[in-house]
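J.: Have a look at the structure that comes next, please.
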Amino acid sequence: MSDRDEVTERIALLLQRYNPGGLSIDVHTNLIADLRIDSVAAMDLIMEIEDSFGIEIPINLVPDLATFGDLISLVRDRLGPP
Amino acid sequence: MDIFDKHAHLAARHDKLVNLGADPFAVLVEVLNSPTEARVNGRKAILAGTNNYLGLTFDSACVAAAEAALRSHGTGTTGSRIANGTYEIHHALEQDLARFLRKRSCIVFTTGYQANLAMISGLVGPQDTIFIDSDCHASIYDGCRLACATLIRFRHNDPEDLDRRLARRSDTGGCKLVIVEGLYSMRGDVAPLRDFVEVKVRHRAWLLADEAHSLGVFGRHGRGLAEEQGVETEVDFVVGTFSKSLGAVGGFGASDHPKFDLLRYCARPYMFTASSSPANIASVRAALYRIESDPTLRKRLWTNAERLHAGLRALGFDPCASPGPIIALPLRSEASAARAWDLLRAVGIYVNLGLPPATPDGLCLLRCSVSAAHSTEQVDEICRGFRAVASLLEATPQIGPDKIA
């Protein structure tokens with residue numbers, strides 16, 4: 001498994017708590033429409049991701065997140081070059 | 001595409017609530033009999049969800065002051081303080097509040113919501129970083145948006161988590177502002193202000209405490225949680241509201257900072273809005289005097305809070321926090337909370353229905369606010385209403401409510 005795959009898997013694992021229906025998740029999964037993650041839950045998820053990766057994600061960036069793919073891109077961006 | 005399509009998911013959630021018999025947006029208060037009794041949607045109700053902690057909305061001195069100001073100053077100011085000038089009565093209230101809070105300066109805002117918008121957007125800018133407790137009120141989040149600063153959220157009431165997040169940004173420029181509340185409106189728990197002060201000092205950050213719910217109810221003199229915990233001078237900025245203990249509408253910010261009054265020239269929610277009606281301001285001045293001169297108000301509030309908290313626990317409920325002016329009971333699902341809320345209304349008890357995303361951690365809450373004006377009989381009547389709820393939830397509401405979903 002490459003580093004990039006590991007990032008995706010870790011985020012997917014954190015996302016499970018917000019996916020009680022066990023929906024199959026891919027990069028196109030919409031966080032609001034498909035997973036019903038509301039604005040407060042989205043900020044809670046970001047906090048968990050911050051702690052898991054030891055990075056900082058300002059809440060200002062949350063409104064730009066629509067899909068699981070957006071979330072992965074954001075975390076990769078905050079992690080910087082491998 | 002319809003312009004409202006973007007809100008379809010909210011409309012669906014609202015429809016779901018209505019189908020369960022609960023519509024918090026359709027509560028109509030038809031007649032007010034006192035601070036604690038009203039006719040709500042055709043039914044007589046005890047009010048246990050109005051944040052009227054000291055019950056001063058019908059206080060004779062407050063009403064008389066408002067009446068006198070109405071006659072002497074008219075119904076409204078018809079504009080902002082920048083355009084129309086500051087009425088002497090607004091200036092006097094600012095001096096009263098500064099003296100009461102033992103702060104160098106105080107600025108009055110038209111609503112509590114605007115107080116947070118003005119304070120936060122006036123204090124920080126795009127080059128700064130704000131650290132907010134995750135349970136902070138929506139007005140604080142909106143103030144942060146208006147400020148355009150980098151916004152970092154830390155875990156609720158967790159000074160160690162704040163410490164970690166401040167450390168991550170130790171090498172960034174700009175100022176750092178930490179924002180917490182005194183008494184949190186949903187769970188009814190209080191902030192460990194002394195611990196937050198230690199953290200903010202260590203990181204050379206500023207601290208703003210929103211005492212909206214704690215002013216008038218905490219501290220020996222009613223100055224709030226900072227007084228209660230002995231950290232008034234360490235809290236750099238205090239925000240408060242007139243719409244809770246002070247029984248009116250409006251808000252304020254106060255500070256010892258020598259340049260604090262600069263906010264009058266740079267905080268847009270102060271500059272570009274009409275100032276409060278003189279009658280409103282006069283009633284707040286009278287209410288502040290009542291808080292200062294009558295400590296039995298606070299004593300009655302806390303006696304009632306202890307009694308209601310104990311009564312609810314005896315019924316098997318598990319409040320989110322220790323006894324206080326806000327007593328919030330978690331239920332397991334939206335359906336059970338909505339059904340319980342509707343049942344309470346049917347038996348003449350009005351409380352708040354708290355649902356996500358307005359609540360933290362996805363909590364579904366029945367939220368009570370206690371008043372000094374509640375009689376012992378009313379507190380017991382509220383408990384009787386919750387006994388009916390407990391029966392509905394089969395006495396173990398945290399475990400078995402889904403059976404009514």
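Residues are referred to by chain and number: the chain letter is A, B, ... according to the order shown in the structure tokens, the number counts from 1 in that chain, and ligands are numbered separately from 1 in the order shown.
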For Glu198 of chain B, find every residue with an atom within 12 Å (counting only C-alpha atoms), except residues of its own chain fewer than 2 positions away, and show them as a list in words.
T.: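 The residues that qualify are Pro159, Glu160, Leu162, Asp163, Val178, Pro192, Leu193, Arg194, Asp195, Phe196, Lys200, Val201, Arg202, His203, Arg204, Ala205, Trp206, Leu207, Val231, Glu234 and Val235 of chain B.
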J.: Can you write out the residues you just picked, keeping N, CA, C and O atoms, as a PDB file, in the first residue's frame?
T.:
```
ATOM      1  N   PRO B 159      -8.820  22.483  28.062  1.00  0.00           N
ATOM      2  CA  PRO B 159      -7.662  23.378  27.983  1.00  0.00           C
ATOM      3  C   PRO B 159      -6.418  22.701  27.408  1.00  0.00           C
ATOM      4  O   PRO B 159      -5.622  23.356  26.723  1.00  0.00           O
ATOM      5  N   GLU B 160      -6.257  21.401  27.642  1.00  0.00           N
ATOM      6  CA  GLU B 160      -5.088  20.693  27.098  1.00  0.00           C
ATOM      7  C   GLU B 160      -5.161  20.639  25.573  1.00  0.00           C
ATOM      8  O   GLU B 160      -4.145  20.776  24.881  1.00  0.00           O
ATOM      9  N   LEU B 162      -6.712  22.835  23.695  1.00  0.00           N
ATOM     10  CA  LEU B 162      -6.409  24.198  23.255  1.00  0.00           C
ATOM     11  C   LEU B 162      -4.897  24.415  23.244  1.00  0.00           C
ATOM     12  O   LEU B 162      -4.344  24.983  22.296  1.00  0.00           O
ATOM     13  N   ASP B 163      -4.239  23.945  24.291  1.00  0.00           N
ATOM     14  CA  ASP B 163      -2.788  24.091  24.408  1.00  0.00           C
ATOM     15  C   ASP B 163      -2.080  23.463  23.194  1.00  0.00           C
ATOM     16  O   ASP B 163      -1.187  24.066  22.593  1.00  0.00           O
ATOM     17  N   VAL B 178      -8.517  33.549  21.870  1.00  0.00           N
ATOM     18  CA  VAL B 178      -9.233  32.355  22.342  1.00  0.00           C
ATOM     19  C   VAL B 178     -10.638  32.792  22.768  1.00  0.00           C
ATOM     20  O   VAL B 178     -10.787  33.783  23.496  1.00  0.00           O
ATOM     21  N   PRO B 192     -13.950  25.779  32.381  1.00  0.00           N
ATOM     22  CA  PRO B 192     -12.857  25.880  33.357  1.00  0.00           C
ATOM     23  C   PRO B 192     -12.004  27.109  33.033  1.00  0.00           C
ATOM     24  O   PRO B 192     -10.900  27.000  32.491  1.00  0.00           O
ATOM     25  N   LEU B 193     -12.533  28.275  33.342  1.00  0.00           N
ATOM     26  CA  LEU B 193     -11.900  29.531  32.907  1.00  0.00           C
ATOM     27  C   LEU B 193     -10.477  29.685  33.445  1.00  0.00           C
ATOM     28  O   LEU B 193      -9.594  30.168  32.746  1.00  0.00           O
ATOM     29  N   ARG B 194     -10.273  29.281  34.691  1.00  0.00           N
ATOM     30  CA  ARG B 194      -8.945  29.446  35.289  1.00  0.00           C
ATOM     31  C   ARG B 194      -7.894  28.665  34.486  1.00  0.00           C
ATOM     32  O   ARG B 194      -6.790  29.158  34.248  1.00  0.00           O
ATOM     33  N   ASP B 195      -8.253  27.447  34.054  1.00  0.00           N
ATOM     34  CA  ASP B 195      -7.319  26.637  33.259  1.00  0.00           C
ATOM     35  C   ASP B 195      -7.091  27.259  31.888  1.00  0.00           C
ATOM     36  O   ASP B 195      -5.976  27.249  31.363  1.00  0.00           O
ATOM     37  N   PHE B 196      -8.158  27.805  31.303  1.00  0.00           N
ATOM     38  CA  PHE B 196      -7.999  28.467  29.998  1.00  0.00           C
ATOM     39  C   PHE B 196      -7.096  29.699  30.122  1.00  0.00           C
ATOM     40  O   PHE B 196      -6.319  30.007  29.220  1.00  0.00           O
ATOM     41  N   LYS B 200      -3.780  30.501  27.871  1.00  0.00           N
ATOM     42  CA  LYS B 200      -3.667  31.707  27.027  1.00  0.00           C
ATOM     43  C   LYS B 200      -2.471  32.565  27.428  1.00  0.00           C
ATOM     44  O   LYS B 200      -1.811  33.160  26.583  1.00  0.00           O
ATOM     45  N   VAL B 201      -2.167  32.589  28.723  1.00  0.00           N
ATOM     46  CA  VAL B 201      -0.993  33.349  29.180  1.00  0.00           C
ATOM     47  C   VAL B 201       0.278  32.705  28.638  1.00  0.00           C
ATOM     48  O   VAL B 201       1.178  33.395  28.142  1.00  0.00           O
ATOM     49  N   ARG B 202       0.329  31.371  28.706  1.00  0.00           N
ATOM     50  CA  ARG B 202       1.526  30.640  28.251  1.00  0.00           C
ATOM     51  C   ARG B 202       1.789  30.882  26.763  1.00  0.00           C
ATOM     52  O   ARG B 202       2.926  30.960  26.328  1.00  0.00           O
ATOM     53  N   HIS B 203       0.722  31.035  25.982  1.00  0.00           N
ATOM     54  CA  HIS B 203       0.887  31.205  24.535  1.00  0.00           C
ATOM     55  C   HIS B 203       0.755  32.668  24.106  1.00  0.00           C
ATOM     56  O   HIS B 203       0.689  32.951  22.906  1.00  0.00           O
ATOM     57  N   ARG B 204       0.708  33.561  25.060  1.00  0.00           N
ATOM     58  CA  ARG B 204       0.575  34.992  24.769  1.00  0.00           C
ATOM     59  C   ARG B 204      -0.620  35.280  23.854  1.00  0.00           C
ATOM     60  O   ARG B 204      -0.527  36.070  22.894  1.00  0.00           O
ATOM     61  N   ALA B 205      -1.710  34.601  24.138  1.00  0.00           N
ATOM     62  CA  ALA B 205      -2.947  34.831  23.377  1.00  0.00           C
ATOM     63  C   ALA B 205      -3.857  35.747  24.185  1.00  0.00           C
ATOM     64  O   ALA B 205      -3.600  36.039  25.356  1.00  0.00           O
ATOM     65  N   TRP B 206      -4.915  36.213  23.527  1.00  0.00           N
ATOM     66  CA  TRP B 206      -5.942  37.012  24.202  1.00  0.00           C
ATOM     67  C   TRP B 206      -7.125  36.104  24.501  1.00  0.00           C
ATOM     68  O   TRP B 206      -7.364  35.127  23.781  1.00  0.00           O
ATOM     69  N   LEU B 207      -7.890  36.454  25.524  1.00  0.00           N
ATOM     70  CA  LEU B 207      -9.040  35.620  25.901  1.00  0.00           C
ATOM     71  C   LEU B 207     -10.318  36.449  25.917  1.00  0.00           C
ATOM     72  O   LEU B 207     -10.396  37.492  26.577  1.00  0.00           O
ATOM     73  N   VAL B 231     -11.103  35.144  38.050  1.00  0.00           N
ATOM     74  CA  VAL B 231     -10.186  35.455  36.954  1.00  0.00           C
ATOM     75  C   VAL B 231     -10.648  36.672  36.145  1.00  0.00           C
ATOM     76  O   VAL B 231     -10.328  36.795  34.964  1.00  0.00           O
ATOM     77  N   GLU B 234      -7.971  38.620  34.344  1.00  0.00           N
ATOM     78  CA  GLU B 234      -7.241  37.859  33.320  1.00  0.00           C
ATOM     79  C   GLU B 234      -8.053  37.667  32.040  1.00  0.00           C
ATOM     80  O   GLU B 234      -7.500  37.321  30.998  1.00  0.00           O
ATOM     81  N   VAL B 235      -9.370  37.846  32.126  1.00  0.00           N
ATOM     82  CA  VAL B 235     -10.195  37.763  30.912  1.00  0.00           C
ATOM     83  C   VAL B 235     -10.088  39.112  30.206  1.00  0.00           C
ATOM     84  O   VAL B 235     -10.476  40.143  30.743  1.00  0.00           O
TER      85      VAL B 235
END
```
J.: Determine which residues of chain B sit within 7 Å of chain A, taking into account only C-alpha atoms, and present them as a list in words.
T.: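 The answer, sorted by residue number, is Thr150, Leu151, Ile152 and Pro357 of chain B.
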J.: Would you export the selected residues with all heavy atoms as a short mmCIF file (atom, residue, chain, number, x, y, z; two decimals), in the first residue's frame, please?
T.:
```
data_model
loop_
_atom_site.label_atom_id
_atom_site.label_comp_id
_atom_site.auth_asym_id
_atom_site.auth_seq_id
_atom_site.Cartn_x
_atom_site.Cartn_y
_atom_site.Cartn_z
N THR B 150 -8.07 33.17 10.39
CA THR B 150 -7.96 31.70 10.39
C THR B 150 -8.66 31.19 11.64
O THR B 150 -8.43 31.69 12.74
CB THR B 150 -6.48 31.29 10.42
OG1 THR B 150 -5.85 31.83 9.25
CG2 THR B 150 -6.33 29.77 10.43
N LEU B 151 -9.54 30.19 11.43
CA LEU B 151 -10.37 29.72 12.54
C LEU B 151 -10.03 28.28 12.90
O LEU B 151 -10.15 27.38 12.07
CB LEU B 151 -11.85 29.83 12.13
CG LEU B 151 -12.90 29.35 13.13
CD1 LEU B 151 -12.77 30.11 14.44
CD2 LEU B 151 -14.30 29.54 12.54
N ILE B 152 -9.62 28.09 14.14
CA ILE B 152 -9.29 26.76 14.66
C ILE B 152 -10.26 26.43 15.79
O ILE B 152 -10.52 27.26 16.65
CB ILE B 152 -7.83 26.71 15.20
CG1 ILE B 152 -6.84 27.15 14.12
CG2 ILE B 152 -7.51 25.32 15.74
CD1 ILE B 152 -6.69 26.22 12.97
N PRO B 357 -28.41 20.34 13.75
CA PRO B 357 -27.04 20.73 14.09
C PRO B 357 -26.95 21.86 15.12
O PRO B 357 -25.86 22.36 15.35
CB PRO B 357 -26.49 21.19 12.74
CG PRO B 357 -27.68 21.76 12.03
CD PRO B 357 -28.86 20.93 12.48
#
```
J.: Check segment 69-206 of chain B with DSSP on the backbone and list each residue it calls strand (DSSP E or B), as a list in words.
T.: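 Everything in segment 69-206 of chain B that counts as strand (DSSP E or B) is Ser105, Cys106, Ile107, Val108, Phe109, Thr129, Ile130, Phe131, Ile132, Asp133, Thr150, Leu151, Ile152, Arg153, Phe154, Lys176, Leu177, Val178, Ile179, Val180, Glu181, Leu183, Val190 and Trp206 of chain B.
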J.: Assign secondary structure with DSSP using the backbone only, and return the residues of chain A in alpha helix (DSSP H) as a ChimeraX atom specification.
T.: /A:3-15,39-53,68-79
J.: Neighbouring residues of Leu45 of chain A were defined as those with any atom within 12 Å, considering only C-alpha atoms; residues of the same chain fewer than 3 positions away were excluded. Please report them as number ranges by chain.
T.: A: 11-19, 31, 37-42, 48-52, 57, 59, 62, 65, 68, 71; B: 134, 153, 155, 361
J.: Compare B:Thr129, B:Ser375, B:Leu246, B:Gly230 by their minimum atom-to-atom distance to Arg168 of chain B, counting only C-alpha atoms, and give me the closest one.
T.: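 For Arg168 of chain B, the nearest of the candidates is B:Thr129.
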